[in-house]
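Notes follow the structure.
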Amino acid sequence: MASSLPEAAHSMFRLMLDLFAGLNGNIADLDKEIARRAREDEVSCRLMTVPGIGPISATAIAALAPPAETFAKGRDFAAWLGPTPLQRSTGGKQKLGATSKMGERTLRRLLIMAAVP
């Protein structure tokens, strides 16, 4: 198949492959830096003990989430994060709607990706 490509295409694809290799190297370096910072931070270390939370999610939570003392219980953190159903309750009747998309978008995405095997 490679022989059926024109010579100009060979050089173009070689250039793209070299760019991808450089980007993969940069990503690997950044992953190592994030892992190092996660090991050095006490909060990130504790967060990484939770199943499904790795260095990237732990450092993001430590950086973006308010202090744990801000929330009275875990449910309050979940509401701040956003993956809770909308409530339209009245008169003692609970009416739960679709999951809201409000809250911290970046953390919600990281935690959802961590939950999917």
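Chain identifiers are assigned as A, B, and so on, following the order in which chains appear in the structure tokens; residues are numbered from 1 within each chain, and ligands are numbered from 1 in order of appearance.
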* To do: Determine, counting only C-alpha atoms, which protein, DNA and RNA residues have an atom within 9 Å of an atom of stretch 24-39 of chain A; residues of the same chain fewer than 6 positions away are not included. Present the result as an NGL selection string.
  => :A and (45 or 48 or 54-56 or 58-59)
Got time to write the residues from that selection, N, CA and C atoms, as a PDB file, in the first residue's frame?
ATOM      1  N   CYS A  45      -2.656  12.733  47.649  1.00  0.00           N
ATOM      2  CA  CYS A  45      -2.342  11.369  48.093  1.00  0.00           C
ATOM      3  C   CYS A  45      -3.554  10.705  48.734  1.00  0.00           C
ATOM      4  N   MET A  48      -6.125   9.801  46.074  1.00  0.00           N
ATOM      5  CA  MET A  48      -5.756   8.651  45.243  1.00  0.00           C
ATOM      6  C   MET A  48      -6.028   7.317  45.924  1.00  0.00           C
ATOM      7  N   GLY A  54      -7.062   8.667  40.103  1.00  0.00           N
ATOM      8  CA  GLY A  54      -5.632   8.604  39.841  1.00  0.00           C
ATOM      9  C   GLY A  54      -4.989   9.965  40.034  1.00  0.00           C
ATOM     10  N   PRO A  55      -3.760  10.095  39.622  1.00  0.00           N
ATOM     11  CA  PRO A  55      -3.040  11.361  39.818  1.00  0.00           C
ATOM     12  C   PRO A  55      -3.700  12.549  39.124  1.00  0.00           C
ATOM     13  N   ILE A  56      -4.217  12.365  37.923  1.00  0.00           N
ATOM     14  CA  ILE A  56      -4.819  13.486  37.191  1.00  0.00           C
ATOM     15  C   ILE A  56      -6.080  13.965  37.893  1.00  0.00           C
ATOM     16  N   ALA A  58      -6.980  13.398  41.011  1.00  0.00           N
ATOM     17  CA  ALA A  58      -6.668  13.862  42.366  1.00  0.00           C
ATOM     18  C   ALA A  58      -6.119  15.284  42.361  1.00  0.00           C
ATOM     19  N   THR A  59      -5.195  15.575  41.455  1.00  0.00           N
ATOM     20  CA  THR A  59      -4.646  16.933  41.408  1.00  0.00           C
ATOM     21  C   THR A  59      -5.687  17.936  40.931  1.00  0.00           C
TER      22      THR A  59
END
* A:Ala63 surroundings by only C-alpha atoms, 10 Å radius, close-in-sequence under 5 positions cut, as a list in words ->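 Close residues of A:Ala63: Val43, Ser44, Ser57 and Ala58 of chain A.
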* Can you check which residues of chain A DSSP gives as strand (DSSP E) on the backbone and send them as a ChimeraX atom specification? => /A:85-87,96-99
* What lies within 8 Å of stretch 103-111 of chain A using only C-alpha atoms, ignoring chain neighbours under 5 positions off, as number ranges by chain? -> A: 52-53, 57, 60-61, 64, 79-83
Run DSSP on the backbone of this structure and report the residues of stretch 7-78 of chain A it assigns to helix (DSSP H, G or I), as a short mmCIF file (atom, residue, chain, number, x, y, z; two decimals) with N, CA, C and O atoms, in the first residue's frame.
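part_21.cif, freshly written:
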data_model
loop_
_atom_site.label_atom_id
_atom_site.label_comp_id
_atom_site.auth_asym_id
_atom_site.auth_seq_id
_atom_site.Cartn_x
_atom_site.Cartn_y
_atom_site.Cartn_z
N GLU A 7 5.10 10.20 -3.95
CA GLU A 7 6.27 10.58 -3.14
C GLU A 7 5.96 11.77 -2.24
O GLU A 7 6.43 11.84 -1.09
N ALA A 8 5.16 12.73 -2.73
CA ALA A 8 4.80 13.90 -1.92
C ALA A 8 4.01 13.47 -0.68
O ALA A 8 4.16 14.05 0.40
N ALA A 9 3.17 12.45 -0.83
CA ALA A 9 2.39 11.96 0.31
C ALA A 9 3.29 11.30 1.34
O ALA A 9 3.06 11.43 2.55
N HIS A 10 4.34 10.60 0.87
CA HIS A 10 5.28 9.96 1.80
C HIS A 10 5.91 11.00 2.73
O HIS A 10 5.95 10.81 3.95
N SER A 11 6.39 12.08 2.17
CA SER A 11 7.05 13.09 2.99
C SER A 11 6.05 13.78 3.92
O SER A 11 6.38 14.09 5.07
N MET A 12 4.82 13.99 3.45
CA MET A 12 3.80 14.63 4.29
C MET A 12 3.44 13.72 5.49
O MET A 12 3.36 14.17 6.62
N PHE A 13 3.23 12.43 5.20
CA PHE A 13 2.90 11.50 6.29
C PHE A 13 4.06 11.33 7.25
O PHE A 13 3.87 11.17 8.45
N ARG A 14 5.30 11.36 6.75
CA ARG A 14 6.46 11.25 7.63
C ARG A 14 6.50 12.44 8.58
O ARG A 14 6.77 12.30 9.77
N LEU A 15 6.21 13.64 8.05
CA LEU A 15 6.18 14.84 8.87
C LEU A 15 5.10 14.73 9.95
O LEU A 15 5.35 15.06 11.12
N MET A 16 3.90 14.25 9.58
CA MET A 16 2.83 14.10 10.56
C MET A 16 3.18 13.07 11.63
O MET A 16 2.90 13.27 12.81
N LEU A 17 3.81 11.97 11.23
CA LEU A 17 4.23 10.96 12.21
C LEU A 17 5.26 11.51 13.18
O LEU A 17 5.22 11.22 14.39
N ASP A 18 6.18 12.31 12.67
CA ASP A 18 7.18 12.93 13.55
C ASP A 18 6.53 13.90 14.54
O ASP A 18 6.90 13.95 15.71
N LEU A 19 5.52 14.66 14.07
CA LEU A 19 4.79 15.57 14.97
C LEU A 19 4.05 14.79 16.05
O LEU A 19 4.06 15.17 17.22
N PHE A 20 3.40 13.68 15.67
CA PHE A 20 2.68 12.86 16.65
C PHE A 20 3.65 12.26 17.67
O PHE A 20 3.34 12.20 18.86
N ALA A 21 4.81 11.83 17.22
CA ALA A 21 5.79 11.27 18.15
C ALA A 21 6.25 12.34 19.14
O ALA A 21 6.40 12.05 20.34
N GLY A 22 6.46 13.57 18.66
CA GLY A 22 6.84 14.65 19.56
C GLY A 22 5.76 14.98 20.57
O GLY A 22 6.03 15.20 21.75
N LEU A 23 4.50 14.98 20.11
CA LEU A 23 3.39 15.25 21.02
C LEU A 23 3.25 14.15 22.06
O LEU A 23 2.97 14.42 23.23
N ASN A 24 3.42 12.89 21.64
CA ASN A 24 3.35 11.79 22.60
C ASN A 24 4.44 11.91 23.65
O ASN A 24 4.21 11.62 24.83
N GLY A 25 5.62 12.36 23.26
CA GLY A 25 6.70 12.58 24.23
C GLY A 25 6.35 13.69 25.21
O GLY A 25 6.59 13.56 26.42
N ASN A 26 5.76 14.78 24.71
CA ASN A 26 5.34 15.88 25.59
C ASN A 26 4.26 15.43 26.56
O ASN A 26 4.28 15.80 27.75
N ILE A 27 3.30 14.64 26.09
CA ILE A 27 2.23 14.14 26.95
C ILE A 27 2.81 13.24 28.04
O ILE A 27 2.42 13.33 29.21
N ALA A 28 3.75 12.39 27.68
CA ALA A 28 4.39 11.51 28.67
C ALA A 28 5.13 12.33 29.73
O ALA A 28 5.04 12.02 30.93
N ASP A 29 5.81 13.39 29.31
CA ASP A 29 6.52 14.25 30.27
C ASP A 29 5.53 14.93 31.22
O ASP A 29 5.78 15.02 32.43
N LEU A 30 4.42 15.42 30.67
CA LEU A 30 3.41 16.08 31.52
C LEU A 30 2.76 15.09 32.48
O LEU A 30 2.48 15.43 33.64
N ASP A 31 2.50 13.87 32.02
CA ASP A 31 1.94 12.85 32.92
C ASP A 31 2.88 12.56 34.08
O ASP A 31 2.44 12.40 35.22
N LYS A 32 4.17 12.49 33.80
CA LYS A 32 5.16 12.26 34.87
C LYS A 32 5.16 13.42 35.86
O LYS A 32 5.25 13.21 37.08
N GLU A 33 5.06 14.64 35.36
CA GLU A 33 5.04 15.82 36.24
C GLU A 33 3.79 15.83 37.12
O GLU A 33 3.86 16.12 38.32
N ILE A 34 2.65 15.49 36.54
CA ILE A 34 1.41 15.44 37.32
C ILE A 34 1.50 14.36 38.39
O ILE A 34 1.11 14.57 39.54
N ALA A 35 2.03 13.19 38.03
CA ALA A 35 2.18 12.11 39.00
C ALA A 35 3.13 12.51 40.13
O ALA A 35 2.87 12.21 41.30
N ARG A 36 4.22 13.21 39.80
CA ARG A 36 5.16 13.66 40.84
C ARG A 36 4.49 14.63 41.79
O ARG A 36 4.61 14.52 43.01
N ARG A 37 3.75 15.60 41.22
CA ARG A 37 3.06 16.57 42.08
C ARG A 37 1.99 15.91 42.94
O ARG A 37 1.78 16.30 44.08
N ALA A 38 1.31 14.92 42.39
CA ALA A 38 0.28 14.22 43.16
C ALA A 38 0.90 13.47 44.34
O ALA A 38 0.32 13.43 45.43
N ARG A 39 2.07 12.87 44.14
CA ARG A 39 2.74 12.16 45.24
C ARG A 39 3.20 13.11 46.33
O ARG A 39 3.24 12.75 47.51
N GLU A 40 3.54 14.35 45.97
CA GLU A 40 4.06 15.30 46.94
C GLU A 40 2.95 16.03 47.71
O GLU A 40 3.21 16.54 48.80
N GLU A 42 -0.34 16.27 49.97
CA GLU A 42 -1.04 15.43 50.96
C GLU A 42 -2.48 15.16 50.56
O GLU A 42 -2.97 14.02 50.65
N VAL A 43 -3.18 16.19 50.11
CA VAL A 43 -4.60 16.04 49.72
C VAL A 43 -4.71 15.09 48.53
O VAL A 43 -5.57 14.20 48.51
N SER A 44 -3.85 15.26 47.55
CA SER A 44 -3.89 14.39 46.37
C SER A 44 -3.59 12.94 46.73
O SER A 44 -4.21 12.02 46.20
N CYS A 45 -2.66 12.73 47.65
CA CYS A 45 -2.34 11.37 48.09
C CYS A 45 -3.55 10.70 48.73
O CYS A 45 -3.85 9.54 48.46
N ARG A 46 -4.27 11.46 49.58
CA ARG A 46 -5.47 10.89 50.20
C ARG A 46 -6.55 10.61 49.17
O ARG A 46 -7.25 9.61 49.24
N LEU A 47 -6.70 11.51 48.20
CA LEU A 47 -7.72 11.30 47.16
C LEU A 47 -7.40 10.08 46.30
O LEU A 47 -8.32 9.39 45.84
N PRO A 55 -3.76 10.10 39.62
CA PRO A 55 -3.04 11.36 39.82
C PRO A 55 -3.70 12.55 39.12
O PRO A 55 -3.75 13.65 39.68
N ILE A 56 -4.22 12.37 37.92
CA ILE A 56 -4.82 13.49 37.19
C ILE A 56 -6.08 13.96 37.89
O ILE A 56 -6.26 15.17 38.14
N SER A 57 -6.98 13.04 38.23
CA SER A 57 -8.22 13.42 38.92
C SER A 57 -7.92 13.99 40.29
O SER A 57 -8.56 14.97 40.71
N ALA A 58 -6.98 13.40 41.01
CA ALA A 58 -6.67 13.86 42.37
C ALA A 58 -6.12 15.28 42.36
O ALA A 58 -6.54 16.12 43.17
N THR A 59 -5.20 15.58 41.45
CA THR A 59 -4.65 16.93 41.41
C THR A 59 -5.69 17.94 40.93
O THR A 59 -5.71 19.07 41.39
N ALA A 60 -6.58 17.51 40.03
CA ALA A 60 -7.64 18.42 39.56
C ALA A 60 -8.62 18.73 40.69
O ALA A 60 -9.02 19.89 40.87
N ILE A 61 -9.00 17.73 41.47
CA ILE A 61 -9.91 17.96 42.60
C ILE A 61 -9.25 18.87 43.62
O ILE A 61 -9.86 19.81 44.13
N ALA A 62 -7.99 18.58 43.93
CA ALA A 62 -7.27 19.40 44.91
C ALA A 62 -7.15 20.85 44.45
O ALA A 62 -7.20 21.77 45.26
N ALA A 63 -7.01 21.06 43.15
CA ALA A 63 -6.83 22.41 42.62
C ALA A 63 -8.15 23.16 42.44
O ALA A 63 -8.22 24.37 42.68
N LEU A 64 -9.21 22.47 42.02
CA LEU A 64 -10.44 23.14 41.61
C LEU A 64 -11.55 23.14 42.67
O LEU A 64 -12.38 24.04 42.68
N ALA A 68 -12.76 20.85 51.85
CA ALA A 68 -13.79 19.89 52.27
C ALA A 68 -14.68 20.46 53.37
O ALA A 68 -15.86 20.11 53.48
N GLU A 69 -14.13 21.38 54.19
CA GLU A 69 -14.91 21.96 55.29
C GLU A 69 -16.07 22.80 54.77
O GLU A 69 -17.00 23.11 55.52
N THR A 70 -16.04 23.16 53.50
CA THR A 70 -17.11 23.96 52.89
C THR A 70 -18.42 23.17 52.84
O THR A 70 -19.50 23.75 52.92
N GLY A 74 -21.19 14.65 52.02
CA GLY A 74 -20.80 14.28 50.67
C GLY A 74 -21.85 14.65 49.64
O GLY A 74 -21.53 14.95 48.49
N ARG A 75 -23.10 14.63 50.04
CA ARG A 75 -24.20 14.98 49.13
C ARG A 75 -24.07 16.44 48.67
O ARG A 75 -24.38 16.76 47.52
N ASP A 76 -23.60 17.31 49.56
CA ASP A 76 -23.41 18.71 49.19
C ASP A 76 -22.29 18.85 48.15
O ASP A 76 -22.40 19.66 47.22
N PHE A 77 -21.23 18.05 48.30
CA PHE A 77 -20.16 18.06 47.30
C PHE A 77 -20.69 17.57 45.96
O PHE A 77 -20.37 18.13 44.90
N ALA A 78 -21.52 16.51 45.98
CA ALA A 78 -22.09 15.99 44.74
C ALA A 78 -22.97 17.04 44.07
O ALA A 78 -22.94 17.19 42.84
#
* Asked: How far is it from atom CA of A:Ala98 to atom CA of A:Leu86, in Å with one decimal?
  -> 5.9 Å
* To do: Please measure the separation of atom CA of A:Arg88 and atom CA of A:Ala115, giving the value in Å to one decimal.
  =>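 Interatomic distance, atom CA of A:Arg88 to atom CA of A:Ala115: 27.6 Å.
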* What does the distance from atom CA of A:Lys73 to atom CA of A:Met102 come to in Å, to one decimal? ->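 Between atom CA of A:Lys73 and atom CA of A:Met102 the gap works out to 18.8 Å.
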